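Visitor: Below is the file start-v4.cif, with mmCIF, C-alpha atoms (C1' of nucleotides).
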data_protein
loop_
_atom_site.label_atom_id
_atom_site.label_comp_id
_atom_site.auth_asym_id
_atom_site.auth_seq_id
_atom_site.Cartn_x
_atom_site.Cartn_y
_atom_site.Cartn_z
CA MET A 25 0.00 0.00 0.00
CA ARG A 26 1.33 3.40 -1.05
CA ILE A 27 0.51 6.55 0.91
CA ALA A 28 1.61 9.94 -0.40
CA THR A 29 1.53 13.56 0.70
CA TYR A 30 1.62 16.43 -1.79
CA ASN A 31 1.44 20.17 -1.23
CA VAL A 32 -0.12 21.11 -4.57
CA ASN A 33 -0.03 24.91 -4.10
CA GLY A 34 -3.47 25.44 -5.66
CA VAL A 35 -5.54 22.35 -6.43
CA ASN A 36 -7.23 23.90 -9.48
CA GLY A 37 -4.14 25.54 -10.92
CA ARG A 38 -2.37 22.22 -10.35
CA LEU A 39 -5.09 19.85 -11.53
CA GLN A 40 -3.39 18.59 -14.71
CA VAL A 41 -0.13 17.93 -12.85
CA LEU A 42 -2.01 16.22 -10.00
CA LEU A 43 -3.95 13.94 -12.38
CA ARG A 44 -0.81 13.09 -14.35
CA TRP A 45 1.03 12.16 -11.15
CA LEU A 46 -1.91 10.09 -9.81
CA ALA A 47 -2.09 8.12 -13.06
CA LEU A 48 1.67 7.62 -13.12
CA THR A 49 2.26 6.46 -9.53
CA GLU A 50 -1.20 5.20 -8.47
CA PRO A 51 -0.91 5.88 -4.74
CA ASP A 52 -3.64 4.22 -2.63
CA ILE A 53 -4.04 7.16 -0.25
CA VAL A 54 -3.09 10.80 -0.88
CA CYS A 55 -2.96 13.76 1.49
CA LEU A 56 -3.12 17.12 -0.29
CA GLN A 57 -2.27 20.53 1.15
CA GLU A 58 -2.65 24.13 0.03
CA LEU A 59 -5.81 23.59 -1.97
CA LYS A 60 -6.23 27.41 -2.08
CA ALA A 61 -9.89 26.87 -2.91
CA PRO A 62 -13.18 27.05 -1.03
CA ASP A 63 -15.17 23.85 -0.49
CA ASP A 64 -17.36 24.40 -3.56
CA ARG A 65 -14.33 24.77 -5.86
CA PHE A 66 -12.76 21.41 -5.07
CA PRO A 67 -12.41 19.48 -8.37
CA GLU A 68 -14.28 16.43 -7.12
CA ALA A 69 -15.48 15.18 -10.50
CA ALA A 70 -11.98 15.09 -11.97
CA ILE A 71 -10.62 13.35 -8.86
CA ASN A 72 -13.44 10.77 -8.98
CA ALA A 73 -12.82 10.19 -12.70
CA ALA A 74 -9.18 9.47 -11.82
CA GLY A 75 -10.39 6.65 -9.57
CA TYR A 76 -10.29 8.39 -6.18
CA GLN A 77 -12.87 9.32 -3.59
CA ALA A 78 -12.11 12.33 -1.48
CA ILE A 79 -12.95 14.43 1.53
CA TRP A 80 -11.68 17.97 1.82
CA HIS A 81 -11.61 21.05 4.02
CA GLY A 82 -11.27 24.08 1.81
CA GLN A 83 -10.75 27.79 2.37
CA LYS A 84 -10.81 30.77 0.04
CA SER A 85 -7.34 31.74 -1.23
CA TRP A 86 -5.25 30.03 1.42
CA ASN A 87 -4.62 26.69 3.10
CA GLY A 88 -7.03 23.80 2.50
CA VAL A 89 -6.41 20.05 2.92
CA ALA A 90 -7.87 16.90 1.35
CA ILE A 91 -7.61 13.13 1.68
CA LEU A 92 -8.00 10.90 -1.39
CA ALA A 93 -8.35 7.12 -1.47
CA ARG A 94 -8.71 4.48 -4.19
CA CYS A 95 -10.18 1.89 -1.83
CA GLY A 96 -13.44 3.58 -0.83
CA LYS A 97 -14.36 6.98 0.53
CA PRO A 98 -12.34 8.15 3.52
CA ILE A 99 -14.54 8.27 6.62
CA GLU A 100 -14.02 11.66 8.21
CA ARG A 101 -13.03 11.60 11.88
CA ARG A 102 -12.14 15.22 12.44
CA ARG A 103 -11.63 18.57 10.68
CA GLY A 104 -9.42 21.06 12.48
CA LEU A 105 -7.33 20.44 15.58
CA PRO A 106 -8.85 20.68 19.05
CA GLY A 107 -7.74 23.43 21.40
CA ASP A 108 -8.61 26.74 19.70
CA PRO A 109 -12.14 27.49 18.48
CA GLU A 110 -10.87 30.87 17.19
CA ASP A 111 -8.59 29.18 14.64
CA VAL A 112 -10.42 29.24 11.31
CA HIS A 113 -7.56 28.07 9.06
CA SER A 114 -8.22 24.83 7.15
CA ARG A 115 -5.09 22.93 8.09
CA TYR A 116 -6.08 19.55 9.51
CA LEU A 117 -8.28 16.72 8.29
CA GLU A 118 -8.42 13.20 9.69
CA ALA A 119 -10.04 10.08 8.30
CA GLU A 120 -10.42 6.37 8.75
CA ILE A 121 -9.47 4.38 5.66
CA GLY A 122 -9.78 0.66 6.15
CA GLU A 123 -7.73 -0.22 9.24
CA LEU A 124 -5.76 3.05 9.10
CA ILE A 125 -6.19 6.46 10.66
CA VAL A 126 -4.83 9.14 8.35
CA GLY A 127 -4.14 12.68 9.54
CA CYS A 128 -3.49 15.23 6.78
CA LEU A 129 -1.89 18.45 7.99
CA TYR A 130 -0.60 21.78 6.77
CA LEU A 131 1.43 23.32 9.56
CA PRO A 132 1.65 27.14 9.50
CA ASN A 133 4.68 28.60 7.75
CA GLY A 134 5.34 31.02 10.62
CA ASN A 135 7.35 33.70 8.81
CA PRO A 136 8.43 36.28 9.56
CA TRP A 137 10.29 35.49 12.76
CA PRO A 138 9.82 36.95 15.29
CA GLY A 139 6.16 37.88 15.29
CA PRO A 140 2.55 36.78 15.67
CA LYS A 141 2.71 34.36 12.74
CA PHE A 142 5.59 32.50 14.34
CA GLU A 143 3.72 32.41 17.66
CA TYR A 144 0.71 30.97 15.83
CA LYS A 145 2.94 28.31 14.28
CA LEU A 146 4.25 27.22 17.69
CA ARG A 147 0.77 27.18 19.22
CA TRP A 148 -0.56 25.13 16.30
CA PHE A 149 2.39 22.76 16.69
CA GLU A 150 1.53 22.29 20.39
CA ARG A 151 -2.08 21.52 19.52
CA LEU A 152 -0.93 18.99 16.92
CA THR A 153 1.40 17.37 19.44
CA ALA A 154 -1.36 17.12 22.05
CA HIS A 155 -3.69 15.50 19.52
CA ALA A 156 -0.93 13.19 18.26
CA LYS A 157 -0.45 11.96 21.81
CA THR A 158 -4.05 10.78 22.01
CA LEU A 159 -3.73 9.15 18.58
CA ILE A 160 -0.56 7.23 19.41
CA GLY A 161 -2.01 6.35 22.81
CA SER A 162 -4.99 4.71 21.15
CA GLY A 163 -2.73 1.98 19.74
CA SER A 164 -4.33 2.33 16.30
CA PRO A 165 -2.22 2.31 13.12
CA VAL A 166 -1.82 6.02 12.32
CA VAL A 167 -0.03 8.05 9.69
CA LEU A 168 0.35 11.80 10.14
CA ALA A 169 1.25 13.13 6.71
CA GLY A 170 1.68 16.61 5.37
CA ASP A 171 3.60 19.81 5.01
CA TYR A 172 5.14 20.39 8.46
CA ASN A 173 7.02 23.51 7.36
CA VAL A 174 10.00 22.36 9.44
CA MET A 175 13.41 21.09 8.39
CA PRO A 176 14.13 18.73 11.29
CA THR A 177 17.97 18.84 11.08
CA GLU A 178 20.83 20.50 9.20
CA LEU A 179 20.81 17.53 6.83
CA ASP A 180 17.41 18.68 5.62
CA VAL A 181 18.52 22.10 4.27
CA TYR A 182 20.82 22.87 1.34
CA LYS A 183 22.45 25.72 3.27
CA PRO A 184 21.60 25.62 6.98
CA GLU A 185 23.38 28.86 7.93
CA ARG A 186 21.08 30.87 5.66
CA TRP A 187 17.99 29.51 7.38
CA VAL A 188 18.75 29.78 11.11
CA ASP A 189 16.42 32.77 11.61
CA ASP A 190 13.74 31.50 9.27
CA ALA A 191 10.51 30.18 10.81
CA LEU A 192 11.03 26.83 9.01
CA PHE A 193 14.36 26.22 10.73
CA ARG A 194 14.20 28.21 13.96
CA ILE A 195 15.34 26.11 16.89
CA GLU A 196 11.88 26.40 18.51
CA ALA A 197 10.30 24.75 15.47
CA ARG A 198 12.92 22.01 15.28
CA GLU A 199 12.53 21.31 18.98
CA ALA A 200 8.77 21.11 18.61
CA TYR A 201 9.24 18.55 15.83
CA ALA A 202 11.66 16.55 18.01
CA ARG A 203 9.17 16.59 20.91
CA LEU A 204 6.46 15.23 18.60
CA LEU A 205 8.71 12.40 17.39
CA LYS A 206 9.65 11.57 20.96
CA GLN A 207 6.10 10.33 21.52
CA GLY A 208 7.12 7.34 19.41
CA TRP A 209 6.52 8.48 15.81
CA THR A 210 8.83 7.40 12.99
CA ASP A 211 9.86 9.94 10.34
CA ALA A 212 9.51 7.51 7.43
CA ILE A 213 11.83 9.18 4.91
CA ARG A 214 14.62 9.60 7.46
CA ALA A 215 14.15 6.07 8.81
CA ARG A 216 14.58 4.56 5.35
CA HIS A 217 17.37 6.94 4.26
CA PRO A 218 19.52 7.81 7.27
CA GLY A 219 22.20 10.31 6.34
CA ALA A 220 20.85 10.99 2.83
CA ARG A 221 20.22 14.49 1.49
CA ILE A 222 16.57 14.31 0.51
CA TYR A 223 14.44 17.34 -0.29
CA THR A 224 10.70 17.73 -0.85
CA PHE A 225 10.58 21.45 -1.70
CA TRP A 226 12.51 23.71 -4.05
CA ASP A 227 11.84 27.44 -4.24
CA TYR A 228 10.46 28.85 -7.49
CA PHE A 229 13.20 31.51 -7.25
CA ARG A 230 16.83 31.47 -8.22
CA ASN A 231 16.68 28.27 -10.23
CA ALA A 232 16.49 26.37 -6.95
CA TYR A 233 15.41 23.02 -8.42
CA ALA A 234 18.20 22.94 -11.01
CA ARG A 235 20.72 23.77 -8.28
CA ASN A 236 19.10 21.26 -5.90
CA ALA A 237 18.79 24.07 -3.35
CA GLY A 238 16.00 22.31 -1.50
CA LEU A 239 14.36 21.72 1.84
CA ARG A 240 12.87 18.59 3.43
CA ILE A 241 9.64 19.85 4.99
CA ASP A 242 7.00 17.31 3.90
CA HIS A 243 6.92 14.36 6.28
CA LEU A 244 5.04 11.13 6.94
CA LEU A 245 5.08 10.13 10.61
CA LEU A 246 4.18 6.55 11.47
CA SER A 247 2.84 5.02 14.65
CA PRO A 248 5.01 2.14 15.98
CA ASP A 249 3.05 -0.72 14.40
CA LEU A 250 3.02 1.02 11.01
CA ALA A 251 6.75 1.72 11.26
CA LYS A 252 7.28 -2.05 11.41
CA ARG A 253 5.43 -2.35 8.10
CA LEU A 254 7.48 0.37 6.34
CA LYS A 255 8.98 -1.14 3.16
CA ALA A 256 10.09 1.93 1.23
CA ALA A 257 9.90 5.73 1.25
CA GLY A 258 10.79 8.36 -1.30
CA VAL A 259 10.16 11.63 -3.09
CA ASP A 260 8.84 11.93 -6.66
CA GLY A 261 11.39 14.65 -7.38
CA ASP A 262 10.89 14.53 -11.15
CA VAL A 263 7.42 15.99 -10.71
CA ARG A 264 9.07 19.21 -9.49
CA GLY A 265 10.59 19.54 -12.97
CA TRP A 266 7.26 19.32 -14.82
CA GLU A 267 5.52 22.28 -16.48
CA LYS A 268 3.16 24.28 -14.22
CA THR A 269 4.35 22.29 -11.22
CA SER A 270 4.08 22.93 -7.47
CA ASP A 271 7.12 24.09 -5.51
CA HIS A 272 6.72 20.88 -3.45
CA ALA A 273 7.22 17.33 -4.76
CA PRO A 274 5.02 14.35 -3.81
CA THR A 275 6.48 12.35 -0.92
CA TRP A 276 5.44 8.74 -0.26
CA ILE A 277 5.77 5.55 1.71
CA GLU A 278 5.14 1.92 0.85
CA LEU A 279 3.64 -0.25 3.61
CA GLY A 280 3.59 -4.03 3.79
CA PRO A 281 0.34 -5.86 4.58
CA ALA A 282 -1.13 -5.74 8.05
CA PRO A 283 -0.18 -8.80 10.06
CA LYS A 284 -2.98 -11.41 9.91
CA ARG A 285 -3.00 -11.93 13.66
CA SER A 286 -1.90 -9.79 16.54
CA PRO A 287 1.33 -10.97 18.26
CA ARG A 288 -0.75 -11.72 21.39
CA LYS A 289 -3.11 -14.03 19.50
CA THR A 290 -0.20 -15.70 17.72
CA ALA A 291 1.48 -16.32 21.06
CA VAL A 292 -1.69 -17.82 22.46
CA LYS A 293 -2.04 -20.08 19.43
CA LYS A 294 1.59 -21.25 19.68
CA ALA A 295 1.06 -22.06 23.35
CA ARG A 296 -2.02 -24.08 22.48
CA LYS A 297 -0.11 -26.02 19.82
CA LYS A 298 2.61 -26.79 22.35
CA THR A 299 0.04 -28.03 24.86
CA ALA A 300 -1.64 -30.14 22.18
CA ALA A 301 1.71 -31.71 21.19
CA LYS A 302 2.38 -32.75 24.78
CA ARG A 303 -0.83 -34.72 24.97
"C1'" DA B 203 20.21 42.21 2.67
"C1'" DT B 204 17.23 42.09 -1.30
"C1'" DG B 205 14.57 40.00 -4.65
"C1'" DG B 206 13.80 36.50 -7.28
"C1'" DC B 207 8.60 33.29 -8.77
"C1'" DT B 208 3.62 31.47 -8.40
"C1'" DG B 209 -1.36 31.12 -7.29
"C1'" DT B 210 -5.24 33.36 -5.76
"C1'" DT B 211 -8.26 37.17 -6.16
"C1'" DA B 212 -10.35 43.12 -3.60
"C1'" DT B 213 -6.98 41.81 -10.97
"C1'" DA B 214 -2.72 45.50 -7.42
"C1'" DA B 215 1.01 50.71 -5.56
"C1'" DA B 216 -2.50 43.20 -3.31
"C1'" DC B 217 -1.05 39.04 -0.11
"C1'" DA B 218 1.13 34.75 1.29
"C1'" DG B 219 4.05 31.31 0.49
"C1'" DA B 220 9.01 29.19 2.09
#
Take the structure in the file and give it back as structure tokens.
Guide:
Amino acid sequence: MRIATYNVNGVNGRLQVLLRWLALTEPDIVCLQELKAPDDRFPEAAINAAGYQAIWHGQKSWNGVAILARCGKPIERRRGLPGDPEDVHSRYLEAEIGELIVGCLYLPNGNPWPGPKFEYKLRWFERLTAHAKTLIGSGSPVVLAGDYNVMPTELDVYKPERWVDDALFRIEAREAYARLLKQGWTDAIRARHPGARIYTFWDYFRNAYARNAGLRIDHLLLSPDLAKRLKAAGVDGDVRGWEKTSDHAPTWIELGPAPKRSPRKTAVKKARKKTAAKR
DNA sequence: ATGGCTGTTATAAACAGA
């Protein structure tokens, strides 16, 4: 099973690129960010025609997230994070898809630092972390996928020294990311490619893609049982070179099948067999 | 340090993104 996250930077402006990528890579589940469209402008018909059912949380001009699935319509569990009824940004959507819980998120950019936007980013991060704790505590298989707007380490930036006072790389943001992971989440790309320079975003300016002046800010975090099923992870970097493309590239994981029985049940069965053999 | 580019829309002497 392939699960991908893709910040499309305008779902309507990006529709042809999105459809081309869906047809090419056939992910089973897709988290989209930066729809930049209100609910009634989501291109549902085109997405359905491509073989996907979707739920979405739109917003005029900015933000907006969606979850697509090929294996039935995602069952919505939540839109928006708990903890701030004043927050009207469309940045979080959560669904049940088969045995999985999928959280699709678009963490605030936070620039410029310092300032109210950065404070909002940190508050939003805390709300995400609080919610993630309840998710991981439930013991369910969960993936939290999206644009986190954080480069976790120096390995995740083409030129770290230029970014130290940027909201995407400020120490407060990196520490918030580390605190989230400490709950027990696995950063899938980093787990499969320790030490590798992997980017998911290249600025539209300064020929950044050609120079590979990139950032790794799109992440898929896996709950412990899903981490055990992680077979592969990568970035569809070529998509960033297409015409009319997003500044982000699709980022994905490949999961093995769910174990048929829980380890507890298997242990019980083995014990029974042993007992039976003794008789 | 600044500005470079892109999508959206209040079509700009606009904003936000990263």
Visitor: Do you know which residues are at most 9 Å from region 248-250 of chain A counting only C-alpha atoms (C1' of nucleotides), after dropping those on the same chain fewer than 4 positions away, and could you put them as number ranges by chain?
Guide: A: 160, 163-167, 208-210, 254, 279-280, 282
Visitor: Can you list every residue of chain B that has an atom at most 12 Å from region 182-200 of chain A, with its nearest atom pair and the distance in Å to one decimal, using all atoms listed in the file, ordered by chain then number, as a Markdown table?
Guide:
| residue | atom | partner | partner_atom | distance |
| --- | --- | --- | --- | --- |
| B:DA203 | C1' | A:Arg186 | CA | 11.8 |
| B:DG219 | C1' | A:Leu192 | CA | 11.9 |
| B:DA220 | C1' | A:Leu192 | CA | 7.6 |
Visitor: Kindly provide, as a list in words, the polymer residues lying within 10 Å of (10.3, 26.4, 4.8), counting all atoms listed in the file and using the coordinates exactly as they appear in the file.
Guide: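 The requested residues, written out, are Pro132, Asn133, Gly134, Asn135, Asp171, Tyr172, Asn173, Val174, Met175, Val181, Trp187, Asp190, Ala191, Leu192, Phe193, Phe225, Trp226, Asp227, Gly238, Leu239, Arg240, Ile241 and Asp242 of chain A; DG219 and DA220 of chain B.
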Visitor: Residues near region 207-215 of chain B, anyone? I mean within 10 Å using all atoms listed in the file, not counting same-chain ones fewer than 4 positions away, as a ChimeraX atom specification.
Guide: /A:33-38,60-61,84-86,227-231,268-271 /B:219
Visitor: I'd like to know which of A:Phe149, A:Trp276, A:Phe142, A:Phe66 is closest to Asp52 (chain A), using only C-alpha atoms.
Guide: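 Looking only at the distances to Asp52 (chain A), the closest residue turns out to be A:Trp276.
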Visitor: So which residues get picked by the PyMOL selection byres ((chain A and resi 100) around 10) here, written as a PyMOL selection string?
Guide: chain A and resi 78-80+91+97-99+101-103+117-121+125-126
Visitor: How far is it from CA of Trp266 (chain A) to CA of Leu168 (chain A), in Å with one decimal?
Guide: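 Computed distance, CA of Trp266 (chain A) to CA of Leu168 (chain A), equals 27.0 Å.
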Visitor: From the options A:Leu129, A:Ala169, A:Ala257, A:Ala220, which residue's atoms come nearest to Thr29 (chain A), counting only C-alpha atoms?
Guide: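 That would be A:Ala169, the residue with the smallest distance to Thr29 (chain A).
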Visitor: Take CA of Arg147 (chain A) and CA of Gly88 (chain A) and report the distance between them in Å, one decimal.
Guide: 18.8 Å
Visitor: Please indicate the distance in Å from CA of Ala154 (chain A) to CA of Pro109 (chain A), rounded to one decimal place.
Guide: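 These atoms are spaced 15.4 Å apart.
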Visitor: Using only C-alpha atoms, which of the listed residues (A:Gln207, A:Asn31, A:Gln40, A:Asn236) sits closest to Val89 (chain A)?
Guide: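 Ranking A:Gln207, A:Asn31, A:Gln40, A:Asn236 by distance to Val89 (chain A), first place goes to A:Asn31.
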Visitor: Which is closest to chain B among A:Glu58, A:Asp211, A:Glu50, A:Glu150, if we use all atoms listed in the file?
Guide: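 Distance minimum relative to chain B lands on A:Glu58.
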Visitor: Can you give me, as number ranges by chain, the residues this file yields under the PyMOL selection byres ((chain A and resi 71) around 10)?
Guide: A: 39, 42-43, 46, 66-70, 72-78, 92-93
